[in-house]
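Take a look at the structure below.
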Amino acid sequence: MFAAGTIVMWLAVTHLAYATGVAGTSGYLRVEACSWSSAGGHRYPHCHGVFRSVDGTVVDPDATIDTSLSAGSTVALQRTASDGYEQKGVGASFGWLALSLLGLMVLVLGTLLVRARAGARGRPRALLVLLGVLGAVMLLSAFIGGVAGMAEAF
């Protein structure tokens, strides 16, 4: 449980940092064309164009993001440390926040399981309340991220 919670937290917090603009290089992608690939019966979008950082120091003429976008549109992105790209904005930020909270919930649940296996007596009221609050905030964050993501798509 601890390993799973830690992995989910690490992944989500890393992406959250890019989605909020805390990490990476801010810029814009001017979408030139999009293509689709197929694997395992599913279709996946790949949009290509020129990425320019806000400060003008980074220009990548072969930037690619695996999101369905309209050719000719301009979208705000963060360039990651591995030279990939992440969408930023309210929808992405709340979505990654929800996943971060899920990882934290798994860590708290792991603590509850260890406590139960150790034969601890009494109710772990504080941990149960924390688990409930994290679950509620996670669901709220996922809802806000979903609504914001839909609104940003239009």
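Ordered as shown in the structure tokens, chains take letters A, B, and onward, while each chain numbers its residues from 1 and ligands are numbered from 1 in the order shown.
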Practice prompt. Find the residues around region 35-42 of chain A up to 12 Å (only C-alpha atoms counted), leave out those fewer than 6 positions away in its own chain, and share them as a VMD selection string.
Written response: chain A and resid 48 to 49 64 to 71
Item to complete: Extract, using only C-alpha atoms, all DNA, RNA and protein residues at most 12 Å from region 108-116 of chain A, discarding same-chain residues fewer than 4 positions from it, and format them as a ChimeraX atom specification.
Response: /A:1-6,101-104,120-135
Any chance you can output those residues with C-alpha atoms as an mmCIF file, in the first residue's frame?
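Wrote result_5.cif, looks like this:
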data_model
loop_
_atom_site.group_PDB
_atom_site.id
_atom_site.type_symbol
_atom_site.label_atom_id
_atom_site.label_comp_id
_atom_site.auth_asym_id
_atom_site.auth_seq_id
_atom_site.Cartn_x
_atom_site.Cartn_y
_atom_site.Cartn_z
ATOM 1 C CA MET A 1 0.000 0.000 0.000
ATOM 2 C CA PHE A 2 2.801 2.396 0.882
ATOM 3 C CA ALA A 3 4.635 1.752 -2.383
ATOM 4 C CA ALA A 4 1.474 2.232 -4.454
ATOM 5 C CA GLY A 5 0.539 5.416 -2.589
ATOM 6 C CA THR A 6 4.051 6.813 -2.961
ATOM 7 C CA LEU A 101 -5.197 13.173 -3.048
ATOM 8 C CA LEU A 102 -5.960 9.618 -4.143
ATOM 9 C CA GLY A 103 -2.314 8.715 -3.539
ATOM 10 C CA LEU A 104 -2.470 10.328 -0.115
ATOM 11 C CA ALA A 120 -3.850 -1.584 18.028
ATOM 12 C CA ARG A 121 -6.850 -1.096 20.253
ATOM 13 C CA GLY A 122 -9.384 1.639 20.005
ATOM 14 C CA ARG A 123 -10.730 3.414 17.004
ATOM 15 C CA PRO A 124 -8.327 5.357 14.830
ATOM 16 C CA ARG A 125 -10.866 8.169 14.648
ATOM 17 C CA ALA A 126 -8.456 10.838 13.402
ATOM 18 C CA LEU A 127 -7.238 8.653 10.533
ATOM 19 C CA LEU A 128 -10.792 7.720 9.537
ATOM 20 C CA VAL A 129 -11.849 11.380 9.550
ATOM 21 C CA LEU A 130 -8.755 12.269 7.511
ATOM 22 C CA LEU A 131 -9.567 9.504 5.027
ATOM 23 C CA GLY A 132 -13.142 10.795 4.663
ATOM 24 C CA VAL A 133 -12.059 14.412 4.209
ATOM 25 C CA LEU A 134 -9.428 13.438 1.634
ATOM 26 C CA GLY A 135 -12.037 11.419 -0.264
#
Discussion item. Give me the residues near Gly95 (chain A) as a PyMOL selection string, where near means some atom within 10 Å (using only C-alpha atoms) and where sequence neighbours in that chain fewer than 2 positions away do not count.
Written reply: chain A and resi 12+15-16+19+90-93+97-100+138-139+141-146+148-149
Those same residues, written as a compact mmCIF listing (two decimals), in the first residue's frame with N, CA and C atoms?
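What ended up in out_8.txt:
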# COMPACT_ATOMS: atom_id res chain seq x y z
N ALA A 12 1.60 12.08 -9.68
CA ALA A 12 0.59 13.13 -9.71
C ALA A 12 1.18 14.49 -9.32
N HIS A 15 3.22 15.93 -12.24
CA HIS A 15 2.36 16.49 -13.28
C HIS A 15 1.61 17.73 -12.79
N LEU A 16 1.24 17.75 -11.52
CA LEU A 16 0.58 18.92 -10.95
C LEU A 16 1.50 20.14 -11.02
N ALA A 19 1.30 21.32 -14.58
CA ALA A 19 -0.03 21.84 -14.92
C ALA A 19 -0.29 23.21 -14.31
N VAL A 90 -6.66 25.20 -15.40
CA VAL A 90 -7.48 24.82 -14.25
C VAL A 90 -7.90 23.36 -14.32
N GLY A 91 -8.35 22.91 -15.48
CA GLY A 91 -8.81 21.52 -15.61
C GLY A 91 -7.71 20.53 -15.30
N ALA A 92 -6.55 20.72 -15.91
CA ALA A 92 -5.43 19.81 -15.67
C ALA A 92 -4.95 19.89 -14.23
N SER A 93 -4.91 21.09 -13.67
CA SER A 93 -4.44 21.26 -12.29
C SER A 93 -5.33 20.52 -11.30
N LEU A 97 -4.50 17.29 -9.04
CA LEU A 97 -4.69 17.42 -7.59
C LEU A 97 -5.54 16.26 -7.06
N ALA A 98 -6.58 15.90 -7.80
CA ALA A 98 -7.43 14.78 -7.39
C ALA A 98 -6.63 13.48 -7.32
N LEU A 99 -5.76 13.26 -8.30
CA LEU A 99 -4.95 12.05 -8.29
C LEU A 99 -3.93 12.09 -7.14
N SER A 100 -3.39 13.26 -6.83
CA SER A 100 -2.48 13.41 -5.68
C SER A 100 -3.19 13.04 -4.39
N MET A 138 -11.05 15.03 -2.80
CA MET A 138 -10.62 14.41 -4.05
C MET A 138 -11.77 14.41 -5.07
N LEU A 139 -12.95 14.00 -4.62
CA LEU A 139 -14.11 13.98 -5.53
C LEU A 139 -14.47 15.39 -6.00
N SER A 141 -12.40 17.93 -6.27
CA SER A 141 -11.34 18.34 -7.18
C SER A 141 -11.52 17.69 -8.55
N ALA A 142 -11.87 16.41 -8.57
CA ALA A 142 -12.10 15.72 -9.84
C ALA A 142 -13.29 16.33 -10.58
N PHE A 143 -14.34 16.68 -9.86
CA PHE A 143 -15.51 17.31 -10.47
C PHE A 143 -15.14 18.66 -11.08
N ILE A 144 -14.45 19.50 -10.30
CA ILE A 144 -14.04 20.83 -10.79
C ILE A 144 -13.12 20.68 -12.00
N GLY A 145 -12.18 19.73 -11.92
CA GLY A 145 -11.28 19.49 -13.05
C GLY A 145 -12.02 19.06 -14.29
N GLY A 146 -13.01 18.20 -14.12
CA GLY A 146 -13.80 17.75 -15.26
C GLY A 146 -14.60 18.87 -15.90
N ALA A 148 -14.04 22.14 -15.61
CA ALA A 148 -13.10 23.12 -16.18
C ALA A 148 -12.48 22.59 -17.46
N GLY A 149 -12.15 21.31 -17.48
CA GLY A 149 -11.58 20.71 -18.69
C GLY A 149 -12.55 20.76 -19.86
Worksheet entry | Using only C-alpha atoms: which of A:Leu29, A:Val137, A:Val59, A:Met150 has the shortest distance to Ser73 (chain A) |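 Using only C-alpha atoms, the shortest distance to Ser73 (chain A) belongs to A:Leu29.
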Worksheet entry | Distance in Å - CA of Tyr44 (chain A) versus CA of Val22 (chain A) | 28.0 Å
Practice prompt. Using only C-alpha atoms, pick whichever of A:Gly56, A:Gly89, A:Gly119, A:Pro61 has the shortest atom-to-atom distance to Ala17 (chain A).
Written response: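 Closest residue, counting only C-alpha atoms: A:Gly89.
Summary of the local environment: counting only C-alpha atoms, residues at most 12 Å from Ser82 (chain A), other than itself and those fewer than 5 positions away along its chain, are Tyr18, Ala23, Gly24 and Thr25 of chain A.
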Practice prompt. Just list the residues in region 8-68 of chain A DSSP gives helix (DSSP H, G or I) on the backbone, as a VMD selection string.
Written response: chain A and resid 8 to 20
Practice prompt. Find the residue from A:Val8, A:Ala151, A:Ala118, A:Val13 that sits nearest to Trp96 (chain A); use only C-alpha atoms when measuring.
Written response: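 Comparing A:Val8, A:Ala151, A:Ala118, A:Val13 against Trp96 (chain A), the winner is A:Val13.
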Item to complete: Would you please give, as a ChimeraX atom specification, all residues of chain A that DSSP assigns to strand (DSSP E) based on the backbone?
Response: /A:25-39,42-53,59-65,74-79,85-87
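Across A:Gly21, A:Gly84, A:Gly27, A:Gly72, the tightest approach to Val58 (chain A) is made by A:Gly27 when counting only C-alpha atoms.
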